[in-house]
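Here is coords08.txt, consisting of compact mmCIF, C-alpha atoms:
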# COMPACT_ATOMS: atom_id res chain seq x y z
CA MET A 1 57.17 17.49 50.09
CA LYS A 2 59.60 20.20 51.21
CA PHE A 3 59.86 21.32 47.60
CA LYS A 4 56.09 21.91 47.39
CA LYS A 5 56.10 23.68 50.76
CA THR A 6 58.77 26.05 49.48
CA ALA A 7 56.76 26.59 46.28
CA LEU A 8 53.64 27.32 48.35
CA PHE A 9 55.52 29.79 50.54
CA LEU A 10 56.88 31.69 47.53
CA HIS A 11 53.59 31.56 45.65
CA ARG A 12 51.60 32.85 48.61
CA TRP A 13 53.81 35.66 49.90
CA LEU A 14 55.09 36.91 46.56
CA GLY A 15 51.46 36.97 45.44
CA ILE A 16 50.46 39.08 48.43
CA ILE A 17 53.40 41.47 47.90
CA THR A 18 52.77 42.01 44.16
CA GLY A 19 49.02 41.38 44.01
CA LEU A 20 47.88 44.98 43.76
CA VAL A 21 50.45 45.88 41.09
CA VAL A 22 49.63 42.76 39.04
CA PHE A 23 45.91 43.58 39.26
CA ILE A 24 46.40 47.19 38.10
CA VAL A 25 48.83 46.27 35.31
CA SER A 26 46.57 43.47 34.03
CA ILE A 27 43.38 45.57 34.02
CA THR A 28 45.01 48.49 32.22
CA GLY A 29 46.70 46.05 29.82
CA ALA A 30 43.31 44.60 28.87
CA THR A 31 42.01 48.14 28.32
CA PHE A 32 44.87 49.02 26.01
CA VAL A 33 44.62 45.98 23.68
CA PHE A 34 41.91 47.64 21.55
CA GLU A 35 43.19 51.21 22.01
CA GLU A 36 43.19 52.19 18.32
CA GLU A 37 39.84 50.56 17.55
CA LEU A 38 38.08 52.01 20.60
CA PHE A 39 39.51 55.50 20.07
CA ALA A 40 38.20 55.49 16.50
CA LEU A 41 34.82 54.18 17.71
CA PHE A 42 34.40 56.93 20.31
CA ASN A 43 35.88 59.69 18.14
CA PRO A 44 34.44 59.16 14.63
CA LYS A 45 34.57 62.87 13.77
CA LEU A 46 38.33 62.90 14.37
CA CYS A 47 39.25 59.61 12.73
CA THR A 48 36.79 59.17 9.86
CA VAL A 49 36.48 61.21 6.65
CA LYS A 50 34.37 61.03 3.51
CA GLN A 51 36.32 59.78 0.52
CA PRO A 52 35.40 61.83 -2.57
CA ILE A 53 34.93 59.72 -5.70
CA ASP A 54 36.77 62.09 -8.06
CA LYS A 55 39.30 63.62 -5.67
CA GLU A 56 42.82 62.47 -4.82
CA LEU A 57 44.91 63.10 -1.72
CA LEU A 58 46.29 66.61 -1.29
CA PRO A 59 50.07 67.10 -1.54
CA PHE A 60 51.80 66.00 1.64
CA SER A 61 53.36 69.44 2.10
CA THR A 62 49.88 71.01 2.08
CA LEU A 63 48.60 68.63 4.77
CA TYR A 64 51.74 69.32 6.81
CA GLU A 65 51.21 73.07 6.60
CA LYS A 66 47.53 72.76 7.54
CA ALA A 67 48.45 70.69 10.60
CA GLN A 68 51.23 73.07 11.64
CA THR A 69 48.83 76.02 11.42
CA ALA A 70 46.35 74.18 13.64
CA LEU A 71 49.06 73.36 16.19
CA GLY A 72 50.65 76.81 16.18
CA LYS A 73 54.15 77.95 15.31
CA ASP A 74 55.42 77.36 18.85
CA LYS A 75 54.58 73.65 18.65
CA PRO A 76 56.47 72.11 15.69
CA ILE A 77 55.30 68.77 14.32
CA THR A 78 57.35 65.84 15.61
CA ALA A 79 55.42 62.80 14.36
CA ILE A 80 52.79 61.81 11.80
CA ARG A 81 50.56 58.74 11.68
CA ILE A 82 49.31 57.70 8.27
CA PRO A 83 46.66 54.96 7.91
CA ALA A 84 46.92 51.90 5.70
CA THR A 85 46.27 52.37 1.99
CA ALA A 86 43.11 50.24 2.33
CA GLU A 87 41.74 52.61 4.99
CA LYS A 88 40.83 55.39 2.57
CA ASN A 89 38.27 56.88 4.97
CA LYS A 90 40.77 57.58 7.75
CA SER A 91 42.30 60.92 8.73
CA TYR A 92 45.99 61.74 9.15
CA ALA A 93 47.21 62.45 12.69
CA PHE A 94 49.97 65.01 13.35
CA ASP A 95 51.71 65.18 16.75
CA ALA A 96 53.61 68.01 18.40
CA ARG A 97 55.43 66.61 21.43
CA GLU A 98 58.16 68.07 23.63
CA GLN A 99 59.71 66.42 26.68
CA MET A 100 60.78 68.33 29.79
CA ASP A 101 64.50 68.87 30.32
CA LYS A 102 66.14 65.98 32.20
CA GLU A 103 67.52 68.41 34.78
CA ASN A 104 63.98 69.22 35.94
CA LEU A 105 62.78 65.64 36.27
CA GLY A 106 64.22 65.15 39.75
CA ASN A 107 61.49 67.32 41.27
CA HIS A 108 58.63 65.45 39.60
CA LEU A 109 56.86 62.26 40.67
CA PHE A 110 54.28 61.58 37.95
CA ILE A 111 54.75 60.65 34.29
CA ASN A 112 52.70 63.54 32.87
CA GLN A 113 55.13 66.00 34.49
CA GLN A 114 57.84 64.75 32.11
CA ILE A 115 55.96 66.23 29.14
CA HIS A 116 56.06 69.92 28.29
CA HIS A 117 53.28 69.54 25.73
CA TRP A 118 51.81 66.84 23.50
CA ASP A 119 49.01 67.82 21.12
CA ARG A 120 47.58 65.77 18.27
CA VAL A 121 45.59 67.23 15.39
CA PHE A 122 43.56 65.32 12.81
CA ILE A 123 43.49 66.44 9.17
CA ASP A 124 41.26 65.34 6.27
CA PRO A 125 43.77 64.17 3.60
CA TYR A 126 41.36 65.02 0.74
CA THR A 127 40.27 68.54 1.71
CA GLY A 128 42.91 69.58 4.26
CA ALA A 129 40.13 70.35 6.73
CA PHE A 130 41.05 70.56 10.41
CA LEU A 131 38.96 67.87 12.17
CA GLY A 132 39.97 68.50 15.76
CA LYS A 133 42.73 68.51 18.35
CA ILE A 134 43.30 66.56 21.57
CA ASP A 135 45.72 66.94 24.45
CA MET A 136 47.35 63.50 24.65
CA GLU A 137 48.20 63.95 28.34
CA THR A 138 44.47 63.83 29.16
CA ASN A 139 43.61 61.07 26.68
CA PHE A 140 42.11 58.04 28.47
CA PHE A 141 44.15 55.46 26.57
CA TRP A 142 47.42 57.32 27.08
CA ILE A 143 46.72 57.49 30.81
CA ALA A 144 45.82 53.77 30.84
CA ARG A 145 49.12 52.94 29.16
CA GLN A 146 51.15 55.03 31.60
CA ILE A 147 49.44 53.30 34.53
CA HIS A 148 50.11 49.95 32.86
CA GLN A 149 53.76 50.68 32.21
CA PHE A 150 54.74 53.01 35.07
CA LEU A 151 51.80 53.09 37.53
CA TYR A 152 51.59 56.72 36.32
CA LEU A 153 54.78 57.42 38.25
CA ARG A 154 57.95 58.95 36.85
CA SER A 155 59.30 56.55 34.22
CA ASP A 156 62.56 55.71 36.01
CA VAL A 157 60.65 54.94 39.23
CA GLY A 158 57.52 53.29 37.86
CA SER A 159 59.36 51.00 35.44
CA ILE A 160 61.38 49.48 38.30
CA ILE A 161 58.26 48.79 40.39
CA VAL A 162 56.32 47.30 37.48
CA GLY A 163 59.34 45.39 36.16
CA THR A 164 60.19 43.90 39.54
CA SER A 165 56.57 42.89 40.12
CA THR A 166 56.52 41.27 36.68
CA LEU A 167 59.67 39.29 37.44
CA LEU A 168 58.13 38.10 40.71
CA PHE A 169 54.93 37.26 38.83
CA ILE A 170 56.95 34.87 36.67
CA ILE A 171 58.08 33.08 39.85
CA ILE A 172 54.50 33.12 41.15
CA SER A 173 53.25 31.54 37.91
CA ILE A 174 55.93 28.81 37.93
CA THR A 175 55.31 27.94 41.60
CA GLY A 176 51.57 27.98 40.87
CA LEU A 177 52.10 25.40 38.13
CA ILE A 178 54.13 23.26 40.55
CA LEU A 179 51.33 23.39 43.12
CA TRP A 180 48.71 22.62 40.46
CA TRP A 181 50.59 19.64 39.01
CA PRO A 182 48.49 16.50 39.73
CA LYS A 183 49.70 13.16 41.06
CA ASN A 184 47.68 11.10 38.58
CA ARG A 185 45.30 11.32 35.62
CA LYS A 186 42.15 11.25 37.75
CA VAL A 187 43.26 14.29 39.74
CA ALA A 188 44.37 16.03 36.53
CA ILE A 189 40.87 15.77 35.05
CA LYS A 190 39.41 17.41 38.15
CA ARG A 191 41.94 20.22 38.03
CA LEU A 192 41.05 21.06 34.45
CA LYS A 193 37.39 21.73 35.19
CA ILE A 194 35.43 24.32 37.14
CA ASN A 195 32.26 23.12 38.87
CA PRO A 196 29.84 26.09 38.75
CA LYS A 197 27.54 24.33 41.26
CA ALA A 198 30.21 24.06 43.96
CA LYS A 199 30.10 26.21 47.09
CA TRP A 200 31.62 29.64 46.69
CA LYS A 201 34.87 28.80 48.52
CA ARG A 202 35.48 25.81 46.29
CA LEU A 203 34.38 27.77 43.23
CA ASN A 204 36.83 30.57 44.08
CA TYR A 205 39.63 28.03 44.56
CA ASP A 206 38.86 26.41 41.19
CA LEU A 207 38.77 29.79 39.46
CA HIS A 208 42.23 30.48 40.85
CA GLN A 209 43.99 27.21 40.07
CA VAL A 210 42.17 26.14 36.88
CA LEU A 211 42.20 29.52 35.15
CA GLY A 212 45.75 30.06 36.37
CA PHE A 213 46.80 26.85 34.62
CA TYR A 214 45.08 27.77 31.35
CA VAL A 215 46.77 31.18 31.13
CA PHE A 216 50.20 29.98 32.25
CA LEU A 217 51.83 30.16 28.81
CA PHE A 218 50.12 33.49 28.17
CA THR A 219 51.51 34.95 31.40
CA MET A 220 55.00 33.81 30.45
CA LEU A 221 54.75 35.41 27.01
CA ILE A 222 53.22 38.63 28.28
CA ALA A 223 55.86 38.93 31.03
CA ILE A 224 58.81 38.22 28.73
CA THR A 225 57.67 40.80 26.19
CA GLY A 226 56.60 43.34 28.84
CA LEU A 227 59.90 43.33 30.74
CA VAL A 228 61.60 44.82 27.68
CA TRP A 229 60.24 48.28 28.62
CA SER A 230 61.37 47.98 32.25
CA PHE A 231 64.91 46.59 32.12
CA LYS A 232 67.62 47.23 29.54
CA TRP A 233 69.50 44.14 30.76
CA TRP A 234 66.47 41.98 29.94
CA GLU A 235 66.20 43.42 26.45
CA GLY A 236 69.95 42.98 26.01
CA SER A 237 69.73 39.34 27.10
CA ILE A 238 67.17 38.57 24.39
CA TYR A 239 69.33 40.35 21.81
CA TRP A 240 72.27 38.24 22.97
CA LEU A 241 70.24 35.04 22.53
CA LEU A 242 69.01 36.03 19.07
CA ASP A 243 71.95 37.99 17.61
CA GLY A 244 74.86 37.50 19.97
CA LYS A 245 74.93 41.28 20.61
CA ARG A 246 72.70 44.33 20.75
CA PRO A 247 72.11 45.59 17.18
CA SER A 248 72.24 49.29 16.35
CA PHE A 249 68.99 51.02 15.35
CA LYS A 250 70.70 54.37 14.96
CA ILE A 251 69.98 56.41 11.84
CA ALA A 252 72.74 58.80 10.82
CA ASN A 253 71.88 62.44 10.18
CA PRO A 254 72.05 63.77 6.60
CA LYS A 255 75.39 65.24 5.60
CA GLY A 256 76.16 68.70 4.31
CA THR A 257 75.30 72.22 5.41
CA ASP A 258 72.00 73.98 4.81
CA THR A 259 73.46 76.02 1.95
CA GLU A 260 74.83 72.92 0.21
CA LYS A 261 71.62 70.92 0.33
CA ILE A 262 68.89 73.39 -0.64
CA SER A 263 66.49 71.81 -3.12
CA GLN A 264 66.87 73.00 -6.69
CA THR A 265 63.57 71.45 -7.85
CA ALA A 266 60.14 73.05 -8.14
CA ASN A 267 58.59 70.51 -5.79
CA LYS A 268 58.80 70.90 -2.05
CA PRO A 269 61.07 68.43 -0.17
CA LEU A 270 58.07 66.93 1.65
CA ASP A 271 56.35 66.18 -1.65
CA ILE A 272 59.55 64.70 -3.10
CA LEU A 273 59.99 62.26 -0.25
CA TRP A 274 56.27 61.46 -0.21
CA GLU A 275 56.35 60.61 -3.91
CA ASP A 276 59.38 58.40 -3.30
CA LEU A 277 57.59 56.56 -0.47
CA GLN A 278 54.55 55.97 -2.68
CA HIS A 279 56.83 54.53 -5.32
CA LYS A 280 58.50 52.21 -2.80
CA HIS A 281 55.26 51.05 -1.16
CA ALA A 282 52.14 51.61 -3.24
CA SER A 283 50.29 49.43 -0.72
CA HIS A 284 51.05 49.29 2.99
CA GLU A 285 49.54 48.71 6.44
CA GLY A 286 50.32 52.16 7.81
CA MET A 287 53.22 54.56 8.30
CA ASN A 288 54.83 56.23 11.31
CA VAL A 289 56.79 59.34 10.42
CA THR A 290 59.21 61.04 12.81
CA VAL A 291 60.26 64.65 12.16
CA ASN A 292 63.54 65.99 13.53
CA LYS A 293 63.97 69.54 12.29
CA GLU A 294 67.11 70.15 14.32
CA ASN A 295 68.91 67.46 12.32
CA ASN A 296 67.04 68.12 9.04
CA GLN A 297 65.75 64.56 9.13
CA ILE A 298 62.50 62.71 8.48
CA SER A 299 62.48 58.98 9.22
CA THR A 300 59.63 56.72 8.21
CA SER A 301 58.62 53.20 9.21
CA ILE A 302 56.34 51.60 6.60
CA TYR A 303 54.45 48.51 7.79
CA PHE A 304 53.39 45.73 5.46
CA LYS A 305 52.58 42.04 5.38
CA ASP A 306 55.33 39.78 4.11
CA GLY A 307 54.03 36.40 5.25
CA SER A 308 56.91 35.86 7.69
CA GLY A 309 54.82 36.17 10.85
CA TRP A 310 56.79 39.22 12.02
CA HIS A 311 55.43 42.78 12.21
CA ALA A 312 57.32 43.70 9.05
CA SER A 313 58.49 47.23 8.29
CA ASP A 314 60.95 49.06 6.08
CA VAL A 315 62.69 52.15 7.47
CA TYR A 316 63.74 55.11 5.32
CA ALA A 317 65.37 58.41 6.26
CA TYR A 318 65.17 61.60 4.19
CA ASP A 319 66.94 64.93 4.15
CA LEU A 320 64.27 67.43 5.15
CA ARG A 321 65.99 70.16 3.09
CA ASN A 322 65.68 68.50 -0.31
CA GLY A 323 63.71 65.25 0.10
CA GLU A 324 66.70 63.04 -0.68
CA ASN A 325 66.51 59.44 0.56
CA TYR A 326 69.93 58.85 2.13
CA PHE A 327 69.24 55.84 4.41
CA LYS A 328 67.23 52.62 4.34
CA ARG A 329 66.86 49.54 6.52
CA LEU A 330 64.71 46.92 4.81
CA GLN A 331 62.90 44.13 6.62
CA GLN A 332 64.84 41.51 4.67
CA ASP A 333 68.15 42.99 5.88
CA LYS A 334 67.26 43.14 9.57
CA THR A 335 68.78 40.77 12.10
CA LEU A 336 66.57 38.32 13.99
CA GLY A 337 66.87 40.53 17.06
CA MET A 338 65.70 43.58 15.11
CA LYS A 339 62.69 41.71 13.75
CA TRP A 340 61.78 40.57 17.24
CA ARG A 341 62.17 44.05 18.74
CA ASN A 342 60.06 45.65 16.01
CA SER A 343 57.37 43.01 16.65
CA ASN A 344 57.58 42.95 20.45
CA TYR A 345 54.70 45.37 21.06
CA ASN A 346 52.38 43.53 18.68
CA ILE A 347 53.27 40.23 20.36
CA HIS A 348 52.63 41.80 23.77
CA VAL A 349 49.09 42.93 22.89
CA GLY A 350 48.25 39.99 20.61
CA LYS A 351 48.07 42.01 17.38
CA ILE A 352 50.68 39.77 15.79
CA ALA A 353 47.89 37.16 15.45
CA GLY A 354 45.19 39.58 14.34
CA LEU A 355 41.77 39.84 15.98
CA PRO A 356 41.87 36.33 17.54
CA GLY A 357 45.21 37.18 19.18
CA MET A 358 43.86 40.49 20.49
CA LEU A 359 40.78 38.79 21.95
CA PHE A 360 43.00 36.17 23.59
CA ALA A 361 45.22 38.91 25.05
CA PHE A 362 42.16 40.79 26.32
CA ILE A 363 40.61 37.74 28.01
CA GLY A 364 43.99 36.53 29.27
CA SER A 365 44.71 39.93 30.84
CA LEU A 366 41.35 39.90 32.64
CA ILE A 367 42.07 36.39 33.97
CA CYS A 368 45.51 37.56 35.16
CA ALA A 369 43.80 40.43 36.95
CA SER A 370 41.46 37.97 38.69
CA LEU A 371 44.25 35.72 40.02
CA PRO A 372 45.50 38.08 42.76
CA VAL A 373 41.88 38.57 43.88
CA THR A 374 40.93 34.86 44.02
CA GLY A 375 44.34 34.02 45.47
CA PHE A 376 43.91 36.56 48.27
CA ILE A 377 40.47 35.15 49.09
CA VAL A 378 41.92 31.62 49.28
CA TRP A 379 44.68 32.84 51.62
CA TYR A 380 42.26 34.85 53.76
CA ASN A 381 39.84 31.93 54.16
CA ARG A 382 42.60 29.51 55.10
CA THR A 383 44.36 31.89 57.48
CA PHE A 384 41.70 33.94 59.30
CA LYS A 385 38.59 31.81 58.96
CA LYS A 386 40.42 28.82 60.46
CA LYS A 387 41.58 30.94 63.40
CA LYS A 388 38.02 32.06 64.05
CA SER A 389 36.69 28.49 63.88
CA LYS A 390 39.38 27.31 66.35
CA ARG A 391 38.40 30.03 68.78

Now that the file is in, can you turn its structure into structure tokens?
Amino acid sequence: MKFKKTALFLHRWLGIITGLVVFIVSITGATFVFEEELFALFNPKLCTVKQPIDKELLPFSTLYEKAQTALGKDKPITAIRIPATAEKNKSYAFDAREQMDKENLGNHLFINQQIHHWDRVFIDPYTGAFLGKIDMETNFFWIARQIHQFLYLRSDVGSIIVGTSTLLFIIISITGLILWWPKNRKVAIKRLKINPKAKWKRLNYDLHQVLGFYVFLFTMLIAITGLVWSFKWWEGSIYWLLDGKRPSFKIANPKGTDTEKISQTANKPLDILWEDLQHKHASHEGMNVTVNKENNQISTSIYFKDGSGWHASDVYAYDLRNGENYFKRLQQDKTLGMKWRNSNYNIHVGKIAGLPGMLFAFIGSLICASLPVTGFIVWYNRTFKKKKSKR
């Protein structure tokens, strides 16, 4: 009996302390599950192109130059998003992003103040036409994600608040399961059903305990995967469990000086590396390209389905001066910890299981958002309504 009283005390007061944060994080998390699909739906002119029957893709260097012209010389391209080979009617997205100097972050409170600029342009890969540009700092889905991850506060401040609330939410969920656990089978059957005809107080209580039980495993999974972005020690603990140590994701810079590595071929380095990527993966599920001009490096993550259940990807790095592939990290060579870390985001938002997983994550997030609300109503009714009735 004392054990359940302790569980009730923790469940109630930790819920009140973290309720608002859990509500905000859950609502924004549900919003972000279908971020790519909804952005394409609301911005068809940016994301969709007409695929000519007798026309192939323009050289990669041409698309790069078109995007750089649209962004301006003072905003060099830092990242490129390339759609899956099956999505032949999709545009290419080119990002120019620059973070503020770390020395200036101490005076800022909000996450957007950490960014000097972040523009994204969309280019038709068949014609090279400029389709449009957006400021990512004002993009709805980017804002939703920053609220979800940092409460829109500075990253080092917001991550601690969200991470701590998530840790406490794990305790709340476990104590909630303890309080829900029935004494016998007859009680268990009642606690698995919601009676829509019950009075609103009883209905609210059922919505809290029954739905809370059904999403228990989901809350554990979402919390475990979400804490990775808040605490390095949590991420390191999972690496230790899977690999025994934290693996290195570092990609070395290409060797040699600029004069030693100038391309001697007629093709441009960007076209050389692009041709090599097409040879390595004629079919893929999308590419993320990172450009680091200071180190003369382009690194590419190519996503594909390998039937393993992981979000599989091969990583290649190229010398930006001559297009030479000097580094690779294949999916088959990755450690278990690497495979998990590369898949963590997709597990977190349900994409690892396709559309059914995303729908489950969306509904589960909405239910998680409802729990602090129904729980507060239960506490309020039992605390203040009883006092009024006694008076």

Considering only C-alpha atoms, return as a ChimeraX atom specification whatever protein or nucleic-acid residues lie within 10 Å of region 314-323 of chain A, sequence-local ones (same chain, fewer than 2 positions apart) excluded. /A:251-265,267-277,280-281,287-304,312,325-334

One decimal, Å: what's the distance from CA of Val25 (chain A) over to CA of Val215 (chain A), could you say?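 Computing the Euclidean distance for CA of Val25 (chain A) and CA of Val215 (chain A) yields 15.8 Å.
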
Of the residues A:Thr85, A:Gln99, A:Asn107, A:Thr31, which is the one nearest to Ser283 (chain A), using all atoms listed in the file?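 Among A:Thr85, A:Gln99, A:Asn107, A:Thr31, it is A:Thr85 that comes nearest to Ser283 (chain A).
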
Polymer residues at most 10 Å from region 135-142 of chain A, only C-alpha atoms, same-chain spacing of 2 or more positions, as a ChimeraX atom specification: /A:28,31-36,38-39,95-97,111-113,115-121,133,144-148

Show me, as lines of an AutoDock Vina configuration file, the centre and edge lengths in Å to one decimal of the axis-aligned box that covers every listed atom of region 358-371 of chain A with 5 Å on each side.
center_x = 43.1
center_y = 38.3
center_z = 30.3
size_x = 14.9
size_y = 15.1
size_z = 29.5

Residues near Asp206 (chain A), anyone? I mean within 9 Å using all atoms listed in the file, not counting same-chain ones fewer than 4 positions away, as a VMD selection string. chain A and resid 191 to 195 201 to 202 210 to 211

Which of these, A:Thr166, A:Asn342, A:Thr335, A:Thr175, has the shortest distance to Pro247 (chain A) once you count all atoms listed in the file? A:Thr335

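Look at everything within 10 Å of (47.1, 71.1, 10.2) using only C-alpha atoms, and the residues you get are A:Thr62, A:Leu63, A:Tyr64, A:Glu65, A:Lys66, A:Ala67, A:Gln68, A:Thr69, A:Ala70, A:Leu71, A:Gly72, A:Ile77, A:Tyr92, A:Ala93, A:Phe94, A:Asp95, A:Arg120, A:Val121, A:Phe122, A:Ile123, A:Asp124, A:Gly128, A:Ala129, A:Phe130, A:Leu131, A:Gly132, A:Lys133.
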
Counting only C-alpha atoms, what is within 12 Å of Ile352 (chain A), bar same-chain residues fewer than 4 positions away, as a ChimeraX atom specification? /A:33,305,307-312,340,342-348,356-361

Å distance separating CA of Leu168 (chain A) from CA of Arg12 (chain A), one decimal place: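 The value is 11.5 Å.
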
Could you list, as an NGL selection string, every residue within 8 Å of region 87-90 of chain A, counting all atoms listed in the file and ignoring same-chain residues fewer than 3 positions away? :A and (47-51 or 83-84 or 124)

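Nearest-residue note for Ile16 (chain A): choosing from A:Leu151, A:Ser165, A:Lys2, A:Thr219, the minimum distance belongs to A:Ser165, counting only C-alpha atoms.
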
Between CA of Leu355 (chain A) and CA of Leu20 (chain A), what is the distance in Å, rounded to a tenth?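 Interatomic distance, CA of Leu355 (chain A) to CA of Leu20 (chain A): 28.9 Å.
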
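Shortest atom-to-atom contact with Ile160 (chain A) among A:Phe9, A:Phe231, A:Trp180, A:Phe23: A:Phe231, counting all atoms listed in the file.
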
Compare A:Trp240, A:Trp229, A:Phe150, A:Phe3 by their minimum atom-to-atom distance to Val21 (chain A), counting all atoms listed in the file, and give me the closest one.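 Of A:Trp240, A:Trp229, A:Phe150, A:Phe3, the one nearest Val21 (chain A) is A:Phe150, counting all atoms listed in the file.
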
Taking all atoms listed in the file into account, name the residue in A:Ala369, A:Ala30, A:Met220, A:Ile82 that is nearest to Ile174 (chain A). A:Met220
